[in-house]
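Below is run-v3.cif, which holds mmCIF, C-alpha atoms and all ligand atoms.
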data_run
#
loop_
_atom_site.label_atom_id
_atom_site.label_comp_id
_atom_site.auth_asym_id
_atom_site.auth_seq_id
_atom_site.Cartn_x
_atom_site.Cartn_y
_atom_site.Cartn_z
CA MET A 17 -164.59 88.85 -82.22
CA GLY A 18 -165.04 85.17 -82.91
CA TRP A 19 -168.13 84.67 -80.85
CA PRO A 20 -170.04 81.42 -81.41
CA ASN A 21 -173.75 81.29 -82.10
CA LEU A 22 -174.63 80.88 -78.46
CA ARG A 23 -178.19 82.02 -78.83
CA LYS A 24 -178.93 79.18 -81.20
CA TRP A 25 -178.63 76.56 -78.46
CA PRO A 26 -181.92 74.79 -77.91
CA ALA A 27 -183.90 75.67 -74.84
CA VAL A 28 -183.19 72.32 -73.22
CA MET A 29 -179.92 70.59 -73.94
CA GLY A 30 -177.95 67.63 -72.75
CA LEU A 31 -175.06 68.52 -70.50
CA GLY A 32 -173.47 65.13 -70.25
CA LEU A 33 -169.83 65.04 -69.25
CA ILE A 34 -170.46 68.13 -67.29
CA GLY A 35 -167.05 68.48 -65.74
CA LEU A 36 -165.51 68.53 -69.19
CA VAL A 37 -167.67 71.23 -70.65
CA VAL A 38 -165.50 74.27 -70.92
CA ALA A 39 -165.86 77.72 -72.27
CA VAL A 40 -163.15 80.26 -72.58
CA LEU A 41 -163.29 83.97 -72.77
CA VAL A 42 -160.01 85.50 -73.66
CA HIS A 43 -160.63 88.49 -75.75
CA PHE A 44 -162.21 86.06 -78.08
CA GLY A 45 -164.46 83.32 -76.91
CA TRP A 46 -165.36 79.80 -77.82
CA VAL A 47 -167.40 77.01 -76.37
CA ARG A 48 -167.29 73.27 -76.80
CA PRO A 49 -170.57 71.46 -76.49
CA ASN A 50 -171.11 68.00 -75.05
CA HIS A 51 -174.12 65.79 -75.15
CA ALA A 52 -175.72 63.35 -72.83
CA ALA A 53 -177.63 62.29 -69.82
CA LEU A 54 -178.54 65.26 -67.68
CA GLN A 55 -180.87 67.97 -68.76
CA ALA A 56 -180.11 71.55 -68.00
CA PRO A 57 -182.62 73.34 -65.85
CA ALA A 58 -184.73 76.08 -67.39
CA ALA A 59 -183.19 79.53 -67.17
CA GLN A 60 -184.64 81.62 -64.36
CA VAL A 61 -183.72 84.81 -62.55
CA HIS A 62 -182.15 84.57 -59.09
CA PRO A 63 -182.79 87.13 -56.36
CA LEU A 64 -180.39 90.04 -56.68
CA PRO A 65 -177.50 89.72 -54.20
CA ALA A 66 -177.76 92.31 -51.43
CA ALA A 67 -174.51 94.01 -52.45
CA LEU A 68 -175.81 94.58 -55.96
CA GLU A 69 -179.21 95.59 -54.63
CA ARG A 70 -177.42 98.35 -52.72
CA TRP A 71 -175.45 99.52 -55.73
CA GLN A 72 -176.83 102.80 -57.07
CA ASP A 73 -175.48 105.13 -59.71
CA PRO A 74 -177.27 108.46 -59.21
CA GLN A 75 -175.31 110.02 -62.07
CA GLU A 76 -176.65 107.35 -64.42
CA GLN A 77 -173.39 106.75 -66.22
CA GLY A 78 -174.81 103.93 -68.27
CA ASP A 79 -173.54 100.45 -68.96
CA TYR A 80 -172.33 98.16 -71.72
CA PHE A 81 -174.82 95.38 -71.12
CA ASP A 82 -175.37 95.11 -74.88
CA GLN A 83 -171.82 93.76 -75.13
CA ILE A 84 -172.43 90.88 -72.72
CA LYS A 85 -172.55 87.45 -74.30
CA VAL A 86 -175.10 84.88 -73.27
CA THR A 87 -173.48 81.48 -72.80
CA ARG A 88 -175.28 78.22 -73.43
CA VAL A 89 -176.24 78.16 -69.76
CA GLY A 90 -177.49 81.72 -69.83
CA TYR A 91 -175.82 84.54 -67.98
CA LEU A 92 -172.88 83.64 -65.74
CA VAL A 93 -174.57 84.49 -62.49
CA TRP A 94 -173.45 83.22 -59.08
CA SER A 95 -176.23 82.41 -56.65
CA GLN A 96 -174.37 81.03 -53.60
CA PHE A 97 -172.55 83.67 -51.57
CA PRO A 98 -169.90 84.54 -50.76
CA VAL A 99 -168.16 83.43 -53.92
CA ARG A 100 -164.90 81.76 -52.83
CA VAL A 101 -161.63 82.74 -54.43
CA TYR A 102 -158.37 80.84 -54.21
CA THR A 103 -155.04 82.22 -55.39
CA GLN A 104 -152.42 79.71 -56.41
CA PRO A 105 -148.88 80.61 -55.40
CA ALA A 106 -146.77 81.84 -58.31
CA PRO A 107 -144.66 79.08 -59.89
CA ALA A 108 -141.19 78.53 -58.46
CA SER A 109 -139.79 79.22 -61.92
CA LEU A 110 -140.73 82.87 -61.42
CA PRO A 111 -138.86 84.00 -58.28
CA LEU A 112 -139.28 87.67 -59.09
CA VAL A 113 -143.01 87.23 -59.50
CA GLN A 114 -143.46 85.26 -56.30
CA GLU A 115 -143.04 88.40 -54.24
CA LYS A 116 -145.42 90.71 -56.04
CA TRP A 117 -147.99 88.13 -57.13
CA PRO A 118 -149.94 87.73 -53.87
CA GLN A 119 -150.07 91.48 -53.30
CA ALA A 120 -151.21 92.20 -56.82
CA VAL A 121 -153.95 89.58 -56.67
CA ASP A 122 -155.10 90.74 -53.21
CA GLN A 123 -155.37 94.25 -54.52
CA ALA A 124 -157.67 93.08 -57.30
CA ILE A 125 -159.78 90.90 -55.00
CA GLN A 126 -160.17 93.73 -52.50
CA ALA A 127 -161.26 96.08 -55.25
CA TRP A 128 -164.17 93.76 -56.05
CA GLN A 129 -164.93 93.00 -52.42
CA ALA A 130 -166.06 96.60 -52.07
CA TYR A 131 -168.96 95.72 -54.38
CA PHE A 132 -169.45 91.98 -54.33
CA PRO A 133 -169.38 89.20 -51.69
CA LEU A 134 -166.04 87.47 -52.31
CA GLU A 135 -164.25 85.31 -49.75
CA VAL A 136 -160.60 84.35 -49.98
CA VAL A 137 -160.07 80.65 -49.23
CA THR A 138 -156.85 78.73 -48.65
CA ASP A 139 -158.15 75.34 -49.79
CA PRO A 140 -158.20 75.06 -53.57
CA ASN A 141 -160.94 72.43 -53.35
CA GLN A 142 -163.27 75.03 -51.85
CA ALA A 143 -162.76 77.54 -54.61
CA ASP A 144 -165.37 78.81 -57.02
CA ILE A 145 -162.73 80.95 -58.72
CA THR A 146 -159.06 79.97 -58.92
CA ILE A 147 -156.46 82.54 -59.92
CA SER A 148 -153.09 81.37 -61.15
CA ALA A 149 -149.94 82.91 -62.55
CA VAL A 150 -148.61 81.51 -65.79
CA ASP A 151 -144.93 81.50 -66.59
CA PRO A 152 -144.90 82.55 -70.25
CA THR A 153 -141.58 80.79 -70.81
CA GLN A 154 -142.97 77.39 -69.82
CA ARG A 155 -144.40 75.90 -72.97
CA SER A 156 -146.10 73.11 -71.06
CA GLN A 157 -148.59 75.67 -69.79
CA GLY A 158 -149.92 76.09 -73.29
CA ARG A 159 -150.47 79.34 -75.04
CA VAL A 160 -151.92 81.99 -72.80
CA ARG A 161 -152.67 85.55 -73.70
CA SER A 162 -151.93 88.23 -71.15
CA ALA A 163 -154.85 86.86 -69.19
CA GLU A 164 -157.86 84.64 -69.67
CA THR A 165 -160.87 83.33 -67.79
CA ARG A 166 -162.56 80.00 -68.37
CA PHE A 167 -165.50 78.33 -66.75
CA LYS A 168 -166.44 74.72 -66.26
CA LEU A 169 -169.81 73.32 -65.39
CA TYR A 170 -170.55 70.71 -62.76
CA VAL A 171 -173.46 69.52 -60.69
CA ASP A 172 -173.11 70.33 -57.01
CA ASP A 173 -174.09 68.10 -54.10
CA GLN A 174 -177.58 69.57 -54.15
CA GLN A 175 -177.95 68.70 -57.84
CA ARG A 176 -177.68 72.31 -58.92
CA LEU A 177 -176.03 73.16 -62.22
CA SER A 178 -172.96 75.08 -61.08
CA HIS A 179 -169.83 76.62 -62.49
CA ARG A 180 -166.25 77.17 -61.49
CA CYS A 181 -163.91 79.72 -63.02
CA THR A 182 -160.19 79.66 -63.57
CA ILE A 183 -158.27 82.83 -64.22
CA GLN A 184 -154.78 82.64 -65.68
CA VAL A 185 -152.57 85.67 -65.84
CA ARG A 186 -149.19 85.93 -67.51
CA ALA A 187 -146.90 86.81 -64.69
CA ASN A 188 -144.12 88.62 -66.52
CA GLN A 189 -145.75 91.97 -65.90
CA THR A 190 -145.46 94.71 -63.33
CA GLU A 191 -147.48 94.48 -60.14
CA THR A 192 -149.80 97.23 -61.42
CA TYR A 193 -150.50 95.32 -64.62
CA ILE A 194 -150.98 92.02 -62.81
CA ALA A 195 -153.48 93.68 -60.48
CA ALA A 196 -155.27 95.30 -63.42
CA ALA A 197 -155.36 92.03 -65.34
CA VAL A 198 -156.76 90.12 -62.36
CA ARG A 199 -159.29 92.89 -61.71
CA HIS A 200 -160.43 92.69 -65.34
CA GLU A 201 -160.59 88.88 -65.34
CA LEU A 202 -162.45 88.81 -62.03
CA GLY A 203 -165.05 90.99 -63.71
CA HIS A 204 -165.50 88.22 -66.30
CA ALA A 205 -165.58 85.56 -63.59
CA LEU A 206 -168.26 87.45 -61.67
CA GLY A 207 -170.46 87.56 -64.75
CA ILE A 208 -169.37 90.36 -67.09
CA TRP A 209 -168.87 88.03 -70.06
CA GLY A 210 -167.95 90.67 -72.57
CA HIS A 211 -166.02 93.91 -72.88
CA SER A 212 -166.48 97.63 -72.61
CA ARG A 213 -165.45 99.95 -75.43
CA LEU A 214 -164.44 102.68 -72.99
CA LYS A 215 -160.95 102.65 -71.53
CA THR A 216 -162.29 104.17 -68.31
CA ASP A 217 -163.88 100.81 -67.48
CA ALA A 218 -162.04 97.90 -65.87
CA LEU A 219 -163.54 95.63 -68.50
CA TYR A 220 -162.14 97.64 -71.42
CA PHE A 221 -161.20 95.15 -74.12
CA SER A 222 -157.53 96.01 -74.28
CA GLN A 223 -154.67 96.57 -71.90
CA VAL A 224 -153.89 100.26 -71.47
CA ARG A 225 -151.07 102.27 -69.95
CA THR A 226 -153.24 103.46 -67.09
CA PRO A 227 -155.62 100.63 -66.22
CA ALA A 228 -159.02 101.79 -65.00
CA PRO A 229 -160.46 100.94 -61.60
CA ILE A 230 -163.88 99.31 -61.34
CA SER A 231 -166.21 101.94 -62.76
CA ALA A 232 -169.86 102.82 -62.27
CA ARG A 233 -170.45 101.43 -65.76
CA ASP A 234 -168.81 98.14 -64.78
CA MET A 235 -171.12 97.95 -61.76
CA ASN A 236 -174.21 99.00 -63.70
CA THR A 237 -173.42 96.25 -66.20
CA LEU A 238 -172.82 93.65 -63.49
CA LYS A 239 -176.08 94.56 -61.76
CA ARG A 240 -178.00 94.14 -65.00
CA VAL A 241 -176.34 90.75 -65.58
CA TYR A 242 -177.63 89.60 -62.18
CA GLN A 243 -181.17 90.53 -63.20
CA GLN A 244 -181.04 88.10 -66.13
CA PRO A 245 -182.09 84.46 -66.35
CA THR A 246 -179.58 81.66 -66.07
CA ARG A 247 -179.60 77.88 -65.88
CA LEU A 248 -176.84 78.09 -63.27
CA GLY A 249 -177.83 77.54 -59.67
CA TRP A 250 -181.02 75.62 -60.48
CA PRO A 251 -181.46 71.84 -60.10
CA VAL A 252 -180.66 69.63 -63.08
CA GLN A 253 -183.12 67.01 -64.22
CA GLN A 254 -182.31 63.43 -65.06
CA SER A 255 -183.20 62.83 -68.66
CA SER A 256 -185.55 59.83 -68.83
CA ASP A 257 -185.04 59.01 -72.49
CA THR A 258 -181.33 59.24 -73.15
CA SER A 259 -180.94 55.47 -73.49
CA ALA A 260 -183.94 55.10 -75.77
CA PRO A 261 -183.27 54.37 -79.43
CA PRO A 262 -184.09 57.05 -81.94
CA ALA A 263 -187.75 57.15 -82.85
CA GLU A 264 -188.83 55.47 -86.06
CA PRO A 265 -189.62 57.96 -88.78
ZN ZN A 301 -161.34 90.42 -71.07
#

How does this structure look as structure tokens?
Amino acid sequence: MGWPNLRKWPAVMGLGLIGLVVAVLVHFGWVRPNHAALQAPAAQVHPLPAALERWQDPQEQGDYFDQIKVTRVGYLVWSQFPVRVYTQPAPASLPLVQEKWPQAVDQAIQAWQAYFPLEVVTDPNQADITISAVDPTQRSQGRVRSAETRFKLYVDDQQRLSHRCTIQVRANQTETYIAAAVRHELGHALGIWGHSRLKTDALYFSQVRTPAPISARDMNTLKRVYQQPTRLGWPVQQSSDTSAPPAEP
């Protein structure tokens, strides 16, 4: 896994061209830093969302929290609920996919809605998470693996450091596989920024013949993620010294 040295980021860093800061988690991850005028807030823990507060696993099936990567903004935790999800229609170049695409995506969203406050929205501008189908034959779309999730940072109208996720899924798959791929990627988008080594988990690192539903281990992992500190959801600070010349030695 080509993970970058995320933990080496300094405690306070410039965010700068925030809308352009992008990280990608495919089944490998990378980040691209930017520098400039806004300072990231300190990482703090948000209150646990009620749905995750309610989640219990009396059988104690464990988790794979040790596989979760910390991004430069900390854990990818949402703090405004419900998280809004928009599904782009399948491209017109994929008539066969257009039929099964909405059903497959709905299936995946509903699976998570049983555990997490997600709202489907019809306005793409309202979306925290956007799910789109990629036609693998269209080269203009760029190279996409079977599925991938990216996030971008921005500052919301209340000056909070925020993120948006985009999920892209190759659409030349069966409805079952599309649903499984979206389910898996939604797990990343909700904060599980890493993979399980067990194929009985939805966040198993590889596609399998019989894709797993959301497991107790997935939920245990997600709940632990939401108990971790993050810079997301906290107000950014204007950096007072970004225009100052470098100090004399
Ligand atoms: Zn994945």

Report task. Give as a ChimeraX atom specification the residues surrounding ligand ZN 301 (chain A) up to a distance of 8 Å, considering only C-alpha atoms and all ligand atoms. Result -> /A:41-43,163-165,200-201,204,209-211,219-222

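Closest approach to A:Leu112 among A:Ala218, A:Arg166, A:Asp151, A:Pro229 is made by A:Asp151 (distances from all atoms listed in the file).
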
Requested in this report: Pick out the residues sitting within 12 Å of A:Gln123, and hand them over as a PyMOL selection string; count only C-alpha atoms, and ignore anything fewer than 3 positions along from it in its own chain.
Outcome: chain A and resi 116-120+126-130+191-199+202+229

Query raised in the report: Any idea what the distance is between atom CA of A:Phe97 and atom CA of A:Ser212?
Result: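 These two atoms are separated by 26.0 Å.
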
Query - For A:Val113, the nearest of the candidates A:Ala66, A:Ala56, A:Val136, A:Val185, counting only C-alpha atoms - result: A:Val185

Requested in this report: Identify, on the basis of only C-alpha atoms, every residue whose closest approach to stretch 71-83 of chain A does not exceed 9 Å; exclude the query and any residue fewer than 6 positions from it along the same chain; express the result as a list in words.
Outcome: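 Answer for this query is Tyr131, Ile208, Trp209, Gly210, His211, Ser212, Arg213, Ala232, Arg233, Asp234, Met235, Asn236, Thr237, Leu238, Lys239, Arg240 and Val241 of chain A.
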
**Report entry** Gap from atom CA of A:Ala228 to atom CA of A:Gln184 - Å, one decimal
**Finding:** 19.6 Å

**Report entry** Pairwise distance for atom CA of A:Lys215 and atom CA of A:Ile84, rounded to one decimal in Å
**Finding:** 16.5 Å

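Considering the residues A:Leu206, A:Ile125, A:Ala187, A:Ile230 and counting all atoms listed in the file, A:Ser148 has its shortest atom-to-atom contact with A:Ala187.
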
Requested in this report: Find, counting only C-alpha atoms, the residue in A:Leu64, A:Val252, A:Ala58, A:Ile147 that gets nearest to A:Arg88.
Outcome: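 Checking each of A:Leu64, A:Val252, A:Ala58, A:Ile147 against A:Arg88, counting only C-alpha atoms, the winner is A:Ala58.
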
Query raised in the report: What lies within 9 Å of A:Pro65 using only C-alpha atoms, ignoring chain neighbours under 2 positions off, as a list in words?
Result: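 Using only C-alpha atoms, the neighbours found are His62, Pro63, Ala67, Leu68, Glu69, Arg70, Ser95, Phe97, Phe132, Pro133 and Tyr242 of chain A.
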
Query - Counting only C-alpha atoms, the residue of A:Thr182, A:Gln189, A:Thr226, A:Val150 that sits nearest A:Ala108 - result: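 Closest to A:Ala108 of all the choices is A:Val150.
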
Query raised in the report: Smallest atom-to-atom distance to A:Arg186: which of A:Gln154, A:Thr87, A:Thr246, A:Gln174, using only C-alpha atoms?
Result: A:Gln154

Box in all listed atoms of stretch 77-91 of chain A, axis-aligned, with 6 Å more on each side; write out centre and edge lengths in Å to one decimal as lines of an AutoDock Vina configuration file.
center_x = -174.7
center_y = 92.5
center_z = -70.7
size_x = 17.7
size_y = 40.6
size_z = 20.9

Requested in this report: Name all residues at most 10 Å from A:Pro245 (count all atoms listed in the file; drop same-chain ones fewer than 4 positions away) and give them as a ChimeraX atom specification.
Outcome: /A:58-62,86,89-93,241
